[in-house]
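Worksheet for the structure shown next.
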Amino acid sequence: MRIHNLHIYNTLTRKTEKFVPLHANLVGMYVCGPTVYNNAHLGNARTFISFDVVFRYLQHLGYKVRYVRNITDAGHLESDADEGEDKISKKAKLEQLEPMEIVQRYTVDFHGVMRAFNALPPSIEPTATGHIIEQIEMTKQILDNGFAYESNGSVYFDVEKFAKDYNYTVLTGRNLEDLLNGTRELGGQDEKRGRLDFALWIKAKPEHIMRWKSPWGEGFPGWHLECSAMSRKYLGEQFDIHGGGMDLAPTHHTNEIAQNVSCSQNNTPVRYWMHTNMLTVNGQKMSKSLGNSFLPHELFSGSHALLDKGYSPMTVRFFMLQAHYRSTLDFSNDALQAAEKGFIRLMSAMKILPTLKTADKSTVSIADLEAKIYAALDDDFNTPIALSYVFEGVRIINSVNDAKESLSTDDKIKLQELMQQIVHDVLGLQQEETANTDKIDGLMQMILDVRTEAKSRKDFSTSDLIRDRLKEIGFEIKDGKEGSTYSILK
RNA sequence: GGUAUUGUGGCCGAGAGGCUAGGCUCAGCUCUGCAAAAGCUGCUACAGCGGUUCGAAUCCGCUCAAUACCUCCA
């Protein structure tokens, strides 16, 4: 276990607090996953990349982490007022497919996107439809505890009753009265008693495809319930970290807490709530409904109208890590361009690091650099600051390579370990080169030898011709003190 | 309308009462046959107006602007 001093910003307290897990060395973390009725867009990806770094860093520190991220494959209605159609069912009807075909298609898509961004798979990825029994049991328990009521085959959570015994708005700190006033009036024939009440179980209309038997008739679970039931099942009545996008805090997470508390009577089901901020486009939130969302493949290929060219998954991951997870991040061509250059510089430094020559003494302090990087990550996963010090490392590597600074053998090993662990293991950034096979390498070496020979004869027209022609094909030549090297341009 | 949050140099984006964030761009220099790369140096910063303080981009107040939530979204 690494000695550390991790602090996490907790939405519950609106403060950055020292992280102390419930059980030493073990961490339970739940993150709200996607509703698989559509392609995942980049905003979704940002959240999961942010939590991927959290997961990776916790593991790096030596914790045994159980990371649960659900797949919502039922119960998510079009409106939080518990009206409208189930999103999956709607899409299924639209495309004339089985709901499970929709679920399968977009789950596969989601996993592909996560893999492209080098996000580690969670420890458990449970689905809502796989936990109907748990959700029914939980609904029963909440009913028994008196915080829900049945109405015409549906079961609703009684928010105002809950608010008498507990703090319903702990997470957002909002005033309950304001919420009540801000919500629309209930219609005359409404099944709900209170304006803020939400469904635990919803009676299926005759045309509804996805339905299960329950003590209250055939129906399906409410959206908020699955996360409560599954986090409870796999992480217990109280666990360490719960995460999700900021837009989930006021409704989804608030209701989740109410369900957990009313079910188990445990006042604090989650100790640290983490919320990631939104990805914006021209200052506006990227969202499916606004129609300004980017699909990952549009970004990789550059086919989106707002882009000049494509950007690789690792460039995008690097770009996202240059902003803190609790800040909005604006998506633009210029910003991506800058990120791409920076990322390439980082990766080429990583590549020359093992080849550096060592000296008797170091002129730089690797221990200092290490301390600064860990201090940044310990401060609420501050990846932009950590990256700024990683670039200090890049400067050191390049300077040593230019013989302007020197490294002892020990320090070189230390720097290699540090860069490897931070850049690859924690930040999840990796070299992404087009197939660099041995044959290409041998061929290029031969060409470079011919060119070097020409240069030694001061036949610069030949050496320049070789360089220019190779560049046209997509190979860039760099002449260094120790000879020429090549890299494949994208 | 209510409730929040934010406003940093050409762009992105950290920080946060006194000490160069960083990346990209641009200009100059060093190195190099040239180029590229790399290193060094420099550039118009902290929305506006007041206040607290020896000192504020950082705290307080007001104004302006933007965004988010209150309705589906990570």
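Identifiers in this document derive from the order of the structure tokens: chains are assigned A, B, ..., residues are numbered from 1 separately in each chain, and ligands are numbered from 1 in order of occurrence.
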Give me, as a tab-separated table, each residue of chain B that comes within 7 Å of chain A, together with its shortest interatomic pair and the distance in Å at one decimal, counting only C-alpha atoms (C1' of nucleotides), with rows ordered by chain and rising residue number.
```
residue	atom	partner	partner_atom	distance
B:C11	C1'	A:Asp334	CA	6.5
B:C12	C1'	A:Ala335	CA	5.0
B:G13	C1'	A:Ala323	CA	6.1
B:A14	C1'	A:Ile385	CA	6.3
B:A21	C1'	A:Ser388	CA	6.7
B:G22	C1'	A:Ser388	CA	4.2
B:G23	C1'	A:Gly342	CA	5.7
B:C24	C1'	A:Ala338	CA	4.1
B:A36	C1'	A:Lys478	CA	5.7
B:A37	C1'	A:Lys478	CA	6.5
B:A38	C1'	A:Asn398	CA	6.2
B:G39	C1'	A:Ser399	CA	6.6
B:U67	C1'	A:Gln284	CA	6.9
B:C70	C1'	A:Gly182	CA	6.3
B:C72	C1'	A:Glu78	CA	5.2
B:C73	C1'	A:Ser287	CA	5.9
B:A74	C1'	A:Asn44	CA	4.3
```
### Message
What parts of range 96-235 of chain A does DSSP call helix (DSSP H, G or I)? I'd like the answer as a VMD selection string.
### Response
chain A and resid 99 to 116 129 to 144 159 to 165 176 to 182 223 to 235
### Task
Would you mind listing what lies within 12 Å of G42 in chain B as a list in words, with only C-alpha atoms (C1' of nucleotides) counted and same-chain residues fewer than 3 positions away left out?
C26, A27, G28 and C29 of chain B
### Task
Assign secondary structure with DSSP using the backbone only, and return the residues of range 24-159 of chain A in strand (DSSP E or B) as a count of residues only.
32
